[in-house]
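A.B. asks: This is the structure I want to talk about, given as structure tokens.
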Amino acid sequence: MTLPFAQAVTERTRTLNTRLCVGLDPRLGEYRDPAHLRQHTLEVLEATAPYAAAVKPQLAFYEALGLTGMQILEEVCAAARTLGLPVILDAKRGDIGSTAEAYAQGWLTGRHAGAALTVNPFLGFQTLQPFVQAARENGGGVFVLVKTSNPDQADLQGEGRSGASVSERVAAEVARLGAEEEGEYASVGAVVGATHPDDLPHFRALMPRALLLLPGLGAQGAKASDLAGAFHAGGTGALVSASRGVQYAAGLDVAAARAAAQTFRDELNSVMP
Ligand SMILES: O=C(O)c1cc(=O)[nH]c(=O)n1[C@@H]1O[C@H](COP(=O)(O)O)[C@@H](O)[C@H]1O
């Protein structure tokens, strides 16, 4: 039987001793044509899979190629499933409830059952419900944007008049949703940028049963050695993702992508609590 997303990730972290999430964000400008992009992306996926606890295709790069891109995305997801790799669909979706239902149907059910989706809570906490429900019913997961990795996140995510930042209010909702579920980690996780290492223990404590997704390793400047605060004892509870830093570690060299994934994995392992 297939494990639900959060358990599948945690199981893979323990079995393979890795908490790296390989991001697959293929940029057409790096390639001769979409066929070349497809081939390289699938090669990077296969080469880095042994070092990865999960894989995270960013939908924007596939959507940018229209129908061809969507076909490539489906192939990437199917290849990941064949390799036993949990898939995080990075789409940052969010909309009023009835529209959210359609997004949830498209990305968390059917062929994408068991996958996780990044979701944007900006329209209100009720709008998270269709995603959470679809994830729970289909053994999937959601990662709610709590504190994103970009420098200008504080425009909206910083402290407001109540004293609690928007990030902290979203974190409280993630914790509340997680508390509704049984098991070690809940289906509702959270994005917290790896670029905010000093904040990680705080958010870890605010969302004790959430799987945290930490983007920003490599290209955005985050360092594996600063990220221990996101993990629980035993080195579970978080995934650290790098996209450009793996896929384009040295141009299109697939061996370099594999080596970069291995190095990130080892650097993370060396600081685990
Ligand atoms: O949800 C995400 O994964 C995400 C959240 C965030 O706060 N910052 C962030 O960079 N990301 C995604 O993580 C990836 C980062 O790519 P690299 O900077 O190349 O590793 C991109 O696909 C981003 O969309």
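Chain lettering (A, B, ...) mirrors the order of the structure tokens, residue numbering begins at 1 for each chain separately, and ligand numbering begins at 1 in order of display.
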List as a VMD selection string the protein and nucleic acid residues near Arg27 in chain A, meaning an atom at most 8 Å away when only C-alpha atoms are counted, but skip any in the same chain fewer than 3 places from it.

C.D. replies: chain A and resid 30 to 31 37 61

A.B. asks: Would you kindly return, as a list in words, each protein, DNA or RNA residue with an atom no farther than 9 Å from any atom of Pro197 in chain A, considering only C-alpha atoms and excluding same-chain residues fewer than 6 positions away?

C.D. replies: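 Once the nearby chain positions are removed, what remains is Ala222, Lys223, Asp226, Leu227, Ala228, Gly229 and Ala230 of chain A.
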
A.B. asks: Within 10 Å of ligand 1, which residues of chain A show up? Give each one with its shortest atom-to-atom distance in Å (one decimal) and the two atoms involved, counting only C-alpha atoms and all ligand atoms, rows by chain then rising residue number, as CSV.

C.D. replies:
```
residue,atom,partner,partner_atom_place_in_ligand_line,distance
A:Cys21,CA,ligand 1,3 (O),9.6
A:Val22,CA,ligand 1,20 (O),8.6
A:Gly23,CA,ligand 1,14 (C),6.4
A:Leu24,CA,ligand 1,22 (O),7.6
A:Asp25,CA,ligand 1,22 (O),6.0
A:Pro26,CA,ligand 1,19 (O),9.6
A:Lys56,CA,ligand 1,3 (O),7.4
A:Pro57,CA,ligand 1,22 (O),7.1
A:Gln58,CA,ligand 1,22 (O),4.7
A:Leu59,CA,ligand 1,22 (O),8.0
A:Ala60,CA,ligand 1,22 (O),8.1
A:Phe61,CA,ligand 1,22 (O),8.6
A:Ile88,CA,ligand 1,3 (O),8.5
A:Leu89,CA,ligand 1,3 (O),8.7
A:Asp90,CA,ligand 1,1 (O),5.7
A:Ala91,CA,ligand 1,1 (O),7.6
A:Lys92,CA,ligand 1,1 (O),6.5
A:Leu117,CA,ligand 1,1 (O),8.8
A:Thr118,CA,ligand 1,1 (O),5.7
A:Val119,CA,ligand 1,1 (O),8.1
A:Asn120,CA,ligand 1,1 (O),9.2
A:Phe143,CA,ligand 1,1 (O),7.6
A:Val144,CA,ligand 1,1 (O),8.4
A:Leu145,CA,ligand 1,1 (O),6.9
A:Val146,CA,ligand 1,7 (O),8.2
A:Lys147,CA,ligand 1,7 (O),6.5
A:Thr148,CA,ligand 1,7 (O),3.1
A:Ser149,CA,ligand 1,7 (O),3.8
A:Asn150,CA,ligand 1,8 (N),6.0
A:Pro151,CA,ligand 1,7 (O),9.6
A:Gln153,CA,ligand 1,7 (O),8.4
A:Ala190,CA,ligand 1,1 (O),9.0
A:Val191,CA,ligand 1,1 (O),6.1
A:Val192,CA,ligand 1,7 (O),6.3
A:Gly193,CA,ligand 1,7 (O),5.0
A:Ala194,CA,ligand 1,7 (O),8.2
A:Thr195,CA,ligand 1,7 (O),8.7
A:Leu213,CA,ligand 1,3 (O),7.1
A:Leu214,CA,ligand 1,3 (O),7.3
A:Pro215,CA,ligand 1,13 (O),4.8
A:Gly216,CA,ligand 1,18 (O),5.1
A:Leu217,CA,ligand 1,20 (O),5.7
A:Gly218,CA,ligand 1,20 (O),6.1
A:Ala219,CA,ligand 1,18 (O),4.8
A:Gln220,CA,ligand 1,18 (O),5.0
A:Gly221,CA,ligand 1,18 (O),8.3
A:Ala222,CA,ligand 1,18 (O),9.3
A:Val240,CA,ligand 1,3 (O),9.4
A:Ser241,CA,ligand 1,20 (O),6.4
A:Ala242,CA,ligand 1,20 (O),3.7
A:Ser243,CA,ligand 1,20 (O),3.7
A:Arg244,CA,ligand 1,19 (O),3.6
A:Gly245,CA,ligand 1,20 (O),5.8
A:Val246,CA,ligand 1,20 (O),7.8
A:Gln247,CA,ligand 1,19 (O),8.4
A:Tyr248,CA,ligand 1,19 (O),8.7
```

A.B. asks: Within range 67-129 of chain A, find each residue whose DSSP state, derived from the backbone, is strand (DSSP E or B), and express the selection as a PyMOL selection string.

C.D. replies: chain A and resi 87-93+116-119

A.B. asks: Atoms to include: C-alpha atoms. Write the selected residues as a JSON list (two decimals), in the first residue's frame.

C.D. replies:
```json
[["chain", "number", "residue", "atom", "x", "y", "z"],
["A", 87, "VAL", "CA", 6.42, 14.62, -5.75],
["A", 88, "ILE", "CA", 5.81, 18.21, -4.63],
["A", 89, "LEU", "CA", 4.00, 20.14, -7.33],
["A", 90, "ASP", "CA", 5.17, 23.70, -6.81],
["A", 91, "ALA", "CA", 2.26, 25.72, -8.14],
["A", 92, "LYS", "CA", 1.52, 28.09, -5.24],
["A", 93, "ARG", "CA", -2.17, 27.86, -5.97],
["A", 116, "ALA", "CA", 1.80, 17.43, -2.50],
["A", 117, "LEU", "CA", 0.99, 20.93, -3.72],
["A", 118, "THR", "CA", 2.30, 24.31, -2.59],
["A", 119, "VAL", "CA", -0.61, 26.61, -1.72]]
```

A.B. asks: Let me make sure I understand: among A:Leu108, A:Ala238, A:Arg81, A:Arg161, which one has the smallest atom-to-atom distance to Val55 in chain A if we use only C-alpha atoms?

C.D. replies: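 Closest to Val55 in chain A of all the choices is A:Arg81.
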
A.B. asks: Skip Pro34 in chain A itself and residues of its chain fewer than 6 positions away, then list as an mmCIF file with N, CA and C atoms, in the first residue's frame all residues within 12 Å of it, counting only C-alpha atoms.

C.D. replies:
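As written to disk, around-v5.cif reads:
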```
data_model
loop_
_atom_site.group_PDB
_atom_site.id
_atom_site.type_symbol
_atom_site.label_atom_id
_atom_site.label_comp_id
_atom_site.auth_asym_id
_atom_site.auth_seq_id
_atom_site.Cartn_x
_atom_site.Cartn_y
_atom_site.Cartn_z
ATOM 1 N N PRO A 26 13.212 23.563 -15.173
ATOM 2 C CA PRO A 26 13.980 23.657 -16.419
ATOM 3 C C PRO A 26 13.697 24.943 -17.192
ATOM 4 N N ARG A 27 14.761 25.649 -17.490
ATOM 5 C CA ARG A 27 14.653 26.937 -18.185
ATOM 6 C C ARG A 27 14.949 26.736 -19.663
ATOM 7 N N LEU A 28 13.971 27.066 -20.515
ATOM 8 C CA LEU A 28 14.128 26.796 -21.948
ATOM 9 C C LEU A 28 15.403 27.413 -22.507
ATOM 10 N N HIS A 40 17.116 16.296 -20.651
ATOM 11 C CA HIS A 40 18.032 16.660 -19.567
ATOM 12 C C HIS A 40 17.333 16.605 -18.211
ATOM 13 N N THR A 41 16.094 17.089 -18.169
ATOM 14 C CA THR A 41 15.359 17.108 -16.897
ATOM 15 C C THR A 41 15.130 15.684 -16.394
ATOM 16 N N PHE A 61 7.735 26.696 -15.019
ATOM 17 C CA PHE A 61 8.661 26.432 -16.120
ATOM 18 C C PHE A 61 8.063 25.492 -17.158
ATOM 19 N N TYR A 62 7.123 24.663 -16.734
ATOM 20 C CA TYR A 62 6.449 23.751 -17.660
ATOM 21 C C TYR A 62 5.300 24.491 -18.348
ATOM 22 N N ALA A 64 5.217 27.507 -19.031
ATOM 23 C CA ALA A 64 5.802 28.459 -19.989
ATOM 24 C C ALA A 64 5.942 27.849 -21.382
ATOM 25 N N LEU A 65 5.950 26.519 -21.447
ATOM 26 C CA LEU A 65 6.097 25.845 -22.743
ATOM 27 C C LEU A 65 4.766 25.387 -23.312
ATOM 28 N N GLY A 66 3.673 25.809 -22.674
ATOM 29 C CA GLY A 66 2.356 25.426 -23.204
ATOM 30 C C GLY A 66 2.115 23.931 -23.071
ATOM 31 N N LEU A 67 1.373 23.402 -24.031
ATOM 32 C CA LEU A 67 0.982 21.986 -23.973
ATOM 33 C C LEU A 67 2.171 21.058 -23.887
ATOM 34 N N THR A 68 3.213 21.384 -24.643
ATOM 35 C CA THR A 68 4.417 20.541 -24.627
ATOM 36 C C THR A 68 4.976 20.473 -23.217
ATOM 37 N N GLY A 69 4.990 21.625 -22.547
ATOM 38 C CA GLY A 69 5.508 21.662 -21.189
ATOM 39 C C GLY A 69 4.676 20.831 -20.231
ATOM 40 N N MET A 70 3.356 20.881 -20.408
ATOM 41 C CA MET A 70 2.505 20.097 -19.525
ATOM 42 C C MET A 70 2.726 18.606 -19.747
ATOM 43 N N GLN A 71 3.000 18.240 -21.010
ATOM 44 C CA GLN A 71 3.295 16.823 -21.270
ATOM 45 C C GLN A 71 4.609 16.419 -20.596
ATOM 46 N N ILE A 72 5.585 17.320 -20.653
ATOM 47 C CA ILE A 72 6.871 17.020 -20.015
ATOM 48 C C ILE A 72 6.679 16.897 -18.504
ATOM 49 N N LEU A 73 5.880 17.800 -17.936
ATOM 50 C CA LEU A 73 5.617 17.735 -16.490
ATOM 51 C C LEU A 73 5.009 16.374 -16.115
#
```

A.B. asks: What does the distance from CA of Thr263 in chain A to CA of Gly237 in chain A come to in Å, to one decimal?

C.D. replies: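 We find that CA of Thr263 in chain A and CA of Gly237 in chain A lie 20.2 Å from each other.
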
A.B. asks: Name the residues of range 38-80 of chain A that fall into alpha helix (DSSP H) according to DSSP on the backbone, using the chain letters and numbers of this document, as a ChimeraX atom specification.

C.D. replies: /A:38-48,59-63,66-80

A.B. asks: Excluding Arg12 in chain A and its own-chain neighbours fewer than 3 positions away, which residues fall within 9 Å of it when counting only C-alpha atoms? Please give them as a ChimeraX atom specification.

C.D. replies: /A:7-9,15-19,52-54,85-86

A.B. asks: Any idea what's packed within 12 Å of Glu137 in chain A, counting only C-alpha atoms, ignoring anything in its chain fewer than 6 positions away? Could you give it as a ChimeraX atom specification?

C.D. replies: /A:4-5,104-105,108-110,113-115,129-131,187

A.B. asks: Go ahead and dump the residues you just picked, N, CA and C atoms, as a tab-separated table (two decimals), in the first residue's frame.

C.D. replies:
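selection.tsv written:
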```
chain	number	residue	atom	x	y	z
A	4	PRO	N	0.87	7.68	2.77
A	4	PRO	CA	0.52	9.08	2.54
A	4	PRO	C	1.80	9.92	2.40
A	5	PHE	N	1.67	11.04	1.73
A	5	PHE	CA	2.83	11.85	1.35
A	5	PHE	C	3.82	12.10	2.50
A	104	ALA	N	-7.54	21.83	-6.69
A	104	ALA	CA	-7.23	20.65	-5.88
A	104	ALA	C	-7.53	19.37	-6.66
A	105	GLN	N	-8.61	19.41	-7.42
A	105	GLN	CA	-8.96	18.23	-8.23
A	105	GLN	C	-7.87	17.98	-9.27
A	108	LEU	N	-4.23	17.24	-7.01
A	108	LEU	CA	-4.10	16.37	-5.82
A	108	LEU	C	-4.92	15.09	-5.93
A	109	THR	N	-5.60	14.90	-7.07
A	109	THR	CA	-6.40	13.68	-7.22
A	109	THR	C	-6.01	12.99	-8.53
A	110	GLY	N	-6.65	11.86	-8.78
A	110	GLY	CA	-6.41	11.14	-10.03
A	110	GLY	C	-4.95	10.76	-10.18
A	113	ALA	N	-2.76	11.83	-7.34
A	113	ALA	CA	-3.07	11.40	-5.97
A	113	ALA	C	-1.77	11.01	-5.29
A	114	GLY	N	-1.59	11.45	-4.06
A	114	GLY	CA	-0.35	11.11	-3.33
A	114	GLY	C	0.72	12.17	-3.45
A	115	ALA	N	0.53	13.11	-4.38
A	115	ALA	CA	1.49	14.21	-4.51
A	115	ALA	C	1.14	15.30	-3.50
A	129	GLN	N	-9.15	24.90	2.63
A	129	GLN	CA	-9.88	23.67	2.92
A	129	GLN	C	-9.97	22.68	1.75
A	130	PRO	N	-10.32	23.14	0.53
A	130	PRO	CA	-10.42	22.15	-0.56
A	130	PRO	C	-9.10	21.43	-0.80
A	131	PHE	N	-7.99	22.16	-0.63
A	131	PHE	CA	-6.68	21.53	-0.83
A	131	PHE	C	-6.40	20.51	0.27
A	187	SER	N	-0.73	15.97	7.04
A	187	SER	CA	-0.71	16.21	5.59
A	187	SER	C	-0.49	17.69	5.30
```

A.B. asks: Kindly indicate which residue among A:Glu267, A:Ala154, A:Ser98, A:Glu75 lies nearest to His196 in chain A, using only C-alpha atoms for the distances.

C.D. replies: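 Nearest to His196 in chain A: A:Ala154.
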